[in-house]
Every structure is written in C-alpha cells, then in structure tokens.
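A.B. asks: One file: entry.pdb (PDB, C-alpha atoms).
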ATOM      1  CA  THR W   7     118.263 -30.665  82.935
ATOM      2  CA  LEU W   8     120.239 -32.224  85.765
ATOM      3  CA  ASP W   9     117.529 -31.360  88.292
ATOM      4  CA  ARG W  10     114.888 -32.959  86.053
ATOM      5  CA  ALA W  11     117.030 -36.073  85.620
ATOM      6  CA  LEU W  12     117.537 -36.282  89.395
ATOM      7  CA  ARG W  13     113.812 -35.985  90.086
ATOM      8  CA  ASN W  14     113.030 -38.704  87.541
ATOM      9  CA  SER W  15     115.658 -40.974  89.105
ATOM     10  CA  GLN W  16     114.233 -40.374  92.571
ATOM     11  CA  LYS W  17     110.725 -41.144  91.325
ATOM     12  CA  ALA W  18     111.891 -44.396  89.724
ATOM     13  CA  ARG W  19     113.751 -45.370  92.898
ATOM     14  CA  SER W  20     110.666 -44.653  94.984
ATOM     15  CA  MET W  21     108.477 -46.812  92.750
ATOM     16  CA  LEU W  22     111.014 -49.643  92.907
ATOM     17  CA  ALA W  23     111.186 -49.386  96.700
ATOM     18  CA  ASP W  24     107.385 -49.641  96.842
ATOM     19  CA  LEU W  25     107.398 -52.830  94.803
ATOM     20  CA  LEU W  26     110.260 -54.378  96.774
ATOM     21  CA  GLU W  27     108.641 -53.744 100.163
ATOM     22  CA  VAL W  28     105.285 -55.081  98.965
ATOM     23  CA  GLY W  29     107.071 -58.175  97.668
ATOM     24  CA  ARG W  30     108.880 -58.668 100.979
ATOM     25  CA  SER W  31     105.619 -58.334 102.896
ATOM     26  CA  ASP W  32     103.958 -60.882 100.602
ATOM     27  CA  ALA W  33     106.822 -63.252 101.403
ATOM     28  CA  GLY W  34     106.375 -62.659 105.138
ATOM     29  CA  CYS W  35     109.658 -60.764 105.537
ATOM     30  CA  PHE W  36     109.398 -58.311 108.417
ATOM     31  CA  GLN W  37     112.159 -56.823 110.562
ATOM     32  CA  CYS W  38     110.583 -55.264 113.614
ATOM     33  CA  CYS W  39     112.179 -52.944 116.122
ATOM     34  CA  HIS W  40     111.216 -50.171 118.510
ATOM     35  CA  PHE W  41     111.436 -46.652 117.067
ATOM     36  CA  GLU W  42     110.399 -43.110 117.920
ATOM     37  CA  VAL W  43     107.484 -42.063 115.715
ATOM     38  CA  PRO W  44     108.020 -38.248 115.829
ATOM     39  CA  ALA W  45     111.641 -38.631 114.697
ATOM     40  CA  VAL W  46     110.611 -40.929 111.836
ATOM     41  CA  VAL W  47     107.816 -38.572 110.728
ATOM     42  CA  ASP W  48     110.233 -35.626 110.702
ATOM     43  CA  ALA W  49     112.865 -37.546 108.721
ATOM     44  CA  VAL W  50     110.387 -38.873 106.151
ATOM     45  CA  LEU W  51     108.889 -35.402 105.662
ATOM     46  CA  MET W  52     112.351 -34.001 104.956
ATOM     47  CA  GLU W  53     113.011 -36.752 102.413
ATOM     48  CA  ALA W  54     109.684 -36.066 100.708
ATOM     49  CA  LEU W  55     110.362 -32.324 100.590
ATOM     50  CA  GLU W  56     113.728 -32.922  98.934
ATOM     51  CA  PHE W  57     111.777 -34.562  96.116
ATOM     52  CA  ALA W  58     108.729 -32.260  96.083
ATOM     53  CA  ASP W  59     110.112 -28.823  97.039
ATOM     54  CA  ALA W  60     113.885 -28.574  96.797
ATOM     55  CA  ARG W  61     113.951 -24.864  97.707
ATOM     56  CA  LEU W  62     112.074 -25.410 100.947
ATOM     57  CA  TRP W  63     114.250 -28.436 101.717
ATOM     58  CA  GLU W  64     117.402 -26.337 101.286
ATOM     59  CA  ALA W  65     115.960 -23.534 103.411
ATOM     60  CA  LEU W  66     115.125 -25.986 106.201
ATOM     61  CA  HIS W  67     118.669 -27.337 106.171
ATOM     62  CA  SER W  68     119.997 -23.816 106.628
ATOM     63  CA  GLN W  69     118.132 -23.474 109.948
ATOM     64  CA  ASP W  70     120.026 -24.377 113.110
ATOM     65  CA  ALA W  71     117.225 -24.806 115.642
ATOM     66  CA  ASP W  72     114.180 -27.080 115.639
ATOM     67  CA  ARG W  73     111.930 -24.103 116.420
ATOM     68  CA  GLN W  74     113.242 -22.258 113.372
ATOM     69  CA  ARG W  75     112.544 -25.248 111.134
ATOM     70  CA  GLU W  76     109.065 -25.662 112.620
ATOM     71  CA  SER W  77     108.320 -21.977 112.046
ATOM     72  CA  LEU W  78     109.494 -22.192 108.436
ATOM     73  CA  LEU W  79     107.350 -25.270 107.803
ATOM     74  CA  ASN W  80     104.331 -23.518 109.317
ATOM     75  CA  ARG W  81     104.852 -20.523 107.056
ATOM     76  CA  HIS W  82     104.678 -22.927 104.121
ATOM     77  CA  GLY W  83     101.460 -24.461 105.418
ATOM     78  CA  ILE W  84     102.985 -27.680 106.792
ATOM     79  CA  ARG W  85     102.349 -28.725 110.401
ATOM     80  CA  ILE W  86     103.261 -31.797 112.419
ATOM     81  CA  VAL W  87     101.089 -32.347 115.494
ATOM     82  CA  CYS W  88     102.155 -35.189 117.799
ATOM     83  CA  SER W  89     100.129 -35.957 120.900
ATOM     84  CA  PRO W  90     101.945 -36.573 124.212
ATOM     85  CA  ALA W  91     100.965 -40.246 123.969
ATOM     86  CA  ALA W  92     102.564 -40.560 120.530
ATOM     87  CA  CYS W  93     105.733 -38.822 121.700
ATOM     88  CA  GLN W  94     106.109 -41.210 124.622
ATOM     89  CA  THR W  95     105.313 -44.455 122.778
ATOM     90  CA  GLN W  96     107.764 -46.547 120.802
ATOM     91  CA  PRO W  97     105.887 -49.047 118.612
ATOM     92  CA  CYS W  98     107.453 -52.367 117.693
ATOM     93  CA  GLN W  99     106.883 -52.566 113.946
ATOM     94  CA  ASP W 100     108.824 -52.862 110.699
ATOM     95  CA  GLU W 101     110.319 -49.355 110.564
ATOM     96  CA  THR W 102     111.353 -49.597 106.905
ATOM     97  CA  LYS W 103     107.832 -50.456 105.806
ATOM     98  CA  PHE W 104     106.361 -47.792 108.089
ATOM     99  CA  ARG W 105     108.659 -45.223 106.469
ATOM    100  CA  GLN W 106     107.574 -46.407 103.010
ATOM    101  CA  ILE W 107     103.886 -46.064 103.882
ATOM    102  CA  LEU W 108     104.394 -42.643 105.429
ATOM    103  CA  SER W 109     106.507 -41.466 102.500
ATOM    104  CA  ASN W 110     103.772 -42.270 100.002
ATOM    105  CA  LEU W 111     101.095 -40.579 102.103
ATOM    106  CA  ILE W 112     103.179 -37.443 102.631
ATOM    107  CA  LYS W 113     104.138 -37.206  98.957
ATOM    108  CA  ASN W 114     100.489 -37.571  98.036
ATOM    109  CA  GLY W 115      99.561 -34.765 100.443
ATOM    110  CA  LEU W 116     102.330 -32.472  99.188
ATOM    111  CA  GLN W 117     101.361 -33.099  95.587
ATOM    112  CA  HIS W 118      97.657 -32.396  95.977
ATOM    113  CA  ARG W 119      97.464 -29.722  98.683
ATOM    114  CA  ARG W 120      96.644 -26.180  97.732
ATOM    115  CA  GLN W 121      98.332 -24.509 100.703
ATOM    116  CA  GLN W 122      97.987 -26.715 103.784
ATOM    117  CA  LEU W 123      99.177 -30.142 104.920
ATOM    118  CA  GLU W 124      98.809 -31.297 108.515
ATOM    119  CA  ILE W 125     100.316 -34.520 109.831
ATOM    120  CA  GLY W 126      98.707 -35.602 113.079
ATOM    121  CA  VAL W 127     100.103 -38.467 115.170
ATOM    122  CA  ASP W 128      98.320 -40.039 118.117
ATOM    123  CA  CYS W 129      98.047 -43.290 120.077
ATOM    124  CA  GLN W 130      94.806 -44.813 121.282
ATOM    125  CA  GLU W 131      95.294 -47.802 123.558
ATOM    126  CA  VAL W 132      97.222 -50.299 121.380
ATOM    127  CA  THR W 133      96.861 -48.471 118.063
ATOM    128  CA  LEU W 134      99.008 -45.862 116.341
ATOM    129  CA  LEU W 135      97.047 -43.264 114.338
ATOM    130  CA  VAL W 136      98.545 -41.034 111.666
ATOM    131  CA  ASP W 137      96.251 -38.542 109.929
ATOM    132  CA  LEU W 138      97.350 -36.599 106.856
ATOM    133  CA  ARG W 139      94.951 -33.741 106.161
ATOM    134  CA  ASP W 140      95.319 -31.602 103.030
ATOM    135  CA  ASP W 141      93.252 -28.821 101.490
ATOM    136  CA  GLY W 142      93.417 -30.137  97.935
ATOM    137  CA  PRO W 143      90.645 -31.559  95.752
ATOM    138  CA  ARG W 144      88.146 -33.776  97.512
ATOM    139  CA  VAL W 145      87.987 -37.503  96.823
ATOM    140  CA  GLU W 146      84.496 -38.445  95.715
ATOM    141  CA  LYS W 147      82.871 -41.224  97.732
ATOM    142  CA  GLU W 148      82.661 -43.579  94.753
ATOM    143  CA  ASN W 149      86.433 -43.250  94.197
ATOM    144  CA  ARG W 150      87.666 -43.746  97.749
ATOM    145  CA  GLU W 151      88.473 -47.396  97.139
ATOM    146  CA  ASN W 152      89.608 -46.964  93.541
ATOM    147  CA  ILE W 153      92.580 -44.794  94.519
ATOM    148  CA  PHE W 154      94.033 -47.774  96.405
ATOM    149  CA  GLU W 155      93.881 -50.104  93.386
ATOM    150  CA  ARG W 156      97.204 -50.905  91.769
ATOM    151  CA  TYR W 157      97.864 -49.232  88.393
ATOM    152  CA  THR W 158      94.637 -47.226  88.671
ATOM    153  CA  GLN W 159      94.615 -43.550  87.763
ATOM    154  CA  LEU W 160      91.487 -41.538  88.373
ATOM    155  CA  LYS W 161      90.241 -39.329  85.593
ATOM    156  CA  GLU W 162      90.001 -35.651  86.401
ATOM    157  CA  CYS W 163      86.589 -34.182  87.064
ATOM    158  CA  VAL W 164      85.231 -30.963  88.499
ATOM    159  CA  MET W 165      85.992 -31.861  92.114
ATOM    160  CA  LEU W 166      88.705 -34.466  91.696
ATOM    161  CA  SER W 167      92.213 -34.258  90.256
ATOM    162  CA  ARG W 168      94.140 -36.822  92.278
ATOM    163  CA  THR W 169      96.185 -38.809  89.813
ATOM    164  CA  GLY W 170      99.483 -40.668  90.002
ATOM    165  CA  HIS W 171     101.347 -43.705  88.755
ATOM    166  CA  GLY W 172      98.878 -46.020  90.516
ATOM    167  CA  LEU W 173     101.435 -47.642  92.813
ATOM    168  CA  GLY W 174     102.050 -45.360  95.801
ATOM    169  CA  LEU W 175      98.738 -45.426  97.624
ATOM    170  CA  ALA W 176      98.032 -49.001  96.585
ATOM    171  CA  GLY W 177     101.383 -50.163  97.910
ATOM    172  CA  ALA W 178     100.958 -48.153 101.105
ATOM    173  CA  ARG W 179      97.639 -49.811 101.893
ATOM    174  CA  ILE W 180      98.983 -53.294 101.103
ATOM    175  CA  LEU W 181     101.894 -52.751 103.495
ATOM    176  CA  ALA W 182      99.631 -51.304 106.188
ATOM    177  CA  ARG W 183      97.321 -54.316 106.017
ATOM    178  CA  ARG W 184     100.242 -56.766 106.073
ATOM    179  CA  MET W 185     101.356 -55.024 109.277
ATOM    180  CA  GLY W 186      97.923 -55.465 110.851
ATOM    181  CA  GLY W 187      96.583 -51.981 110.089
ATOM    182  CA  ASP W 188      94.825 -50.127 107.299
ATOM    183  CA  ILE W 189      94.507 -46.841 105.401
ATOM    184  CA  VAL W 190      91.183 -45.130 104.770
ATOM    185  CA  VAL W 191      90.334 -41.788 103.201
ATOM    186  CA  THR W 192      87.565 -39.359 104.077
ATOM    187  CA  SER W 193      86.715 -36.173 102.242
ATOM    188  CA  LYS W 194      84.199 -33.380 102.691
ATOM    189  CA  ARG W 195      83.223 -30.671 100.258
ATOM    190  CA  GLY W 196      85.632 -27.765 100.466
ATOM    191  CA  THR W 197      87.933 -29.410 103.041
ATOM    192  CA  GLY W 198      90.279 -31.545 100.936
ATOM    193  CA  ALA W 199      90.982 -35.090 102.107
ATOM    194  CA  VAL W 200      92.125 -36.931 105.215
ATOM    195  CA  PHE W 201      94.148 -40.131 104.878
ATOM    196  CA  ARG W 202      94.207 -42.112 108.126
ATOM    197  CA  LEU W 203      96.824 -44.770 108.756
ATOM    198  CA  THR W 204      96.176 -47.149 111.650
ATOM    199  CA  LEU W 205      98.757 -49.644 112.880
ATOM    200  CA  PRO W 206      98.943 -51.862 115.967
ATOM    201  CA  LEU W 207     101.743 -50.799 118.263
ATOM    202  CA  MET W 208     102.981 -54.397 118.355
ATOM    203  CA  PHE W 209     103.408 -56.345 115.130
ATOM    204  CA  GLU W 210     101.869 -59.804 115.030
ATOM    205  CA  GLN W 211     103.187 -62.221 112.396
ATOM    206  CA  SER W 212      99.720 -63.726 111.915
ATOM    207  CA  HIS W 213      98.801 -60.642 109.864
TER     208      HIS W 213
END
Please lay out the structure from this file as structure tokens.

C.D. replies:
Amino acid sequence: TLDRALRNSQKARSMLADLLEVGRSDAGCFQCCHFEVPAVVDAVLMEALEFADARLWEALHSQDADRQRESLLNRHGIRIVCSPAACQTQPCQDETKFRQILSNLIKNGLQHRRQQLEIGVDCQEVTLLVDLRDDGPRVEKENRENIFERYTQLKECVMLSRTGHGLGLAGARILARRMGGDIVVTSKRGTGAVFRLTLPLMFEQSH
C-alpha cells in the first residue's frame, strides 16, 4: 500500500513539474548554463527507474563501479550510447527543462518497451541529438502528431497501445520547441518507435 501511494505521489509530482516548466517557458523564463549531457542522461535514467522499476533501481545502487552498473542495465535491455562528440560537448541550455524533456521521453520508453530501450546521444555541428529507441508497439503514421497533443490519449488497436495521461509527451515537445528544438517520432513495423529530440547547443531567447 505504501509503495502504491509513493508511486501515485511521484506521478502527481511529475505531472505538476511538467505543467510548471511549460508555464515558465510560456512566460519566457529560462535559466541557461553549461552541463555535461552524459551525466544528465545517466541521472535522469536513474530517477525514471526509481519510478518505473524499483527493484532494478535498488540493484543499480548496490553496484560500486560504473562498469558493473552498465552491465546490469544491459542485462535488462537498457543501453546508453554517447558519441565522442556528445561526451566532449557542454551545451548551454536550460538544464532543468532539458531534464524534464528527457525524463518524459525515458519514462515513455520504459513504459512501452517489450525488452529493449536504447538512448543514443550525439552532436552534429551546432545541434544536440537524443534518440530513444524502444521495441514496443509501433506508432501508426496517422497518430504521430496526435500523441503530442495535450490531454490526448490514443485508443488501443492491433498495433498501437501507447496511452498515458496526455501531458508528458505534449509537455516535452512544447519545452523542446521553446528551447529552439523539436521532438519527432518514427516507427517501422516490428521495430517499435524512435523518439528524436533535437536541441541547439546554444539557447537563443528569440525562440
């Protein structure tokens, strides 16, 4: 009962955080700083796992070395792949909003994957790319914009069972666009879905 109450509280807090960050972005409130993307991705994944898979989260915390944690994640079908360019680049963006976007995308991937979730991070010229690839249900072409609409839940069908409270992905895309980037989804039969986040390495207030 306590675990269920904790999960419900965490879910409510996450939804509230989404709304607050979207509201701040609408008001033009951004606090930009340089940060290391791999460290942020690792931290946000751990936070998401605490919510989505408490046993795995506890097991990861019992490991002393990074290699041991990486091996345990891989055995559970979770991989983080950062290119050398991404490891060496420190974007100047709103880190809090970036964490919020990433959190929603990772939680979505953890919720809908069957066995695999890969988080790929790369930099191309002045753009940061984050790809989240899962092996869950595909997203039909006609629904690839609908899943980003606020308060929209997609009905289940033969090849699609991606539902939620209708705030996470919508809020993530709003924040990404306010920061000068975007989120798009692609999906092929039998391969799950890929959510791609693009962000400029340097925030520009004009966005």

A.B. asks: Can you measure atom CA of Asp9 of chain W to atom CA of Ala54 of chain W for me? One decimal in Å is fine.

C.D. replies: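 Atom CA of Asp9 of chain W sits 15.4 Å away from atom CA of Ala54 of chain W.
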
A.B. asks: I'd like the neighbourhood of Val190 of chain W as a count of residues only, where a residue qualifies if any of its atoms comes within 12 Å (using only C-alpha atoms), though same-chain residues fewer than 2 positions away should be ignored.

C.D. replies: 31

A.B. asks: Residue by residue, what does the PyMOL selection byres ((chain W and resi 104) around 10) grab here? Present the result as a ChimeraX atom specification.

C.D. replies: /W:43,46-47,50,99-103,105-109,178,181-182,185,205

A.B. asks: Rounded to one decimal, what separation in Å do you get between atom CA of Ala92 of chain W and atom CA of Ala45 of chain W?

C.D. replies: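 Rounded to one decimal, the two atoms are 11.0 Å apart.
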
A.B. asks: W:Ser89, W:Ser68, W:Gln96, W:Asn110: which is nearest Pro206 of chain W, counting only C-alpha atoms?

C.D. replies: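 Of W:Ser89, W:Ser68, W:Gln96, W:Asn110, the one nearest Pro206 of chain W, counting only C-alpha atoms, is W:Gln96.
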
A.B. asks: Step by step, work through what the PyMOL selection byres ((chain W and resi 65) around 12) selects in the shown file, and finish by giving those residues as a compact mmCIF listing (two decimals) with C-alpha atoms, keeping the file's coordinate frame.

C.D. replies:
# COMPACT_ATOMS: atom_id res chain seq x y z
CA MET W 52 112.35 -34.00 104.96
CA LEU W 55 110.36 -32.32 100.59
CA GLU W 56 113.73 -32.92 98.93
CA ASP W 59 110.11 -28.82 97.04
CA ALA W 60 113.88 -28.57 96.80
CA ARG W 61 113.95 -24.86 97.71
CA LEU W 62 112.07 -25.41 100.95
CA TRP W 63 114.25 -28.44 101.72
CA GLU W 64 117.40 -26.34 101.29
CA LEU W 66 115.12 -25.99 106.20
CA HIS W 67 118.67 -27.34 106.17
CA SER W 68 120.00 -23.82 106.63
CA GLN W 69 118.13 -23.47 109.95
CA ASP W 70 120.03 -24.38 113.11
CA GLN W 74 113.24 -22.26 113.37
CA ARG W 75 112.54 -25.25 111.13
CA GLU W 76 109.06 -25.66 112.62
CA SER W 77 108.32 -21.98 112.05
CA LEU W 78 109.49 -22.19 108.44
CA LEU W 79 107.35 -25.27 107.80
CA HIS W 82 104.68 -22.93 104.12

A.B. asks: Could you check how far atom CA of Gln130 of chain W sits from atom CA of Ile112 of chain W, in Å to one decimal?

C.D. replies: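 Taking atom CA of Gln130 of chain W and atom CA of Ile112 of chain W, their separation equals 21.7 Å.
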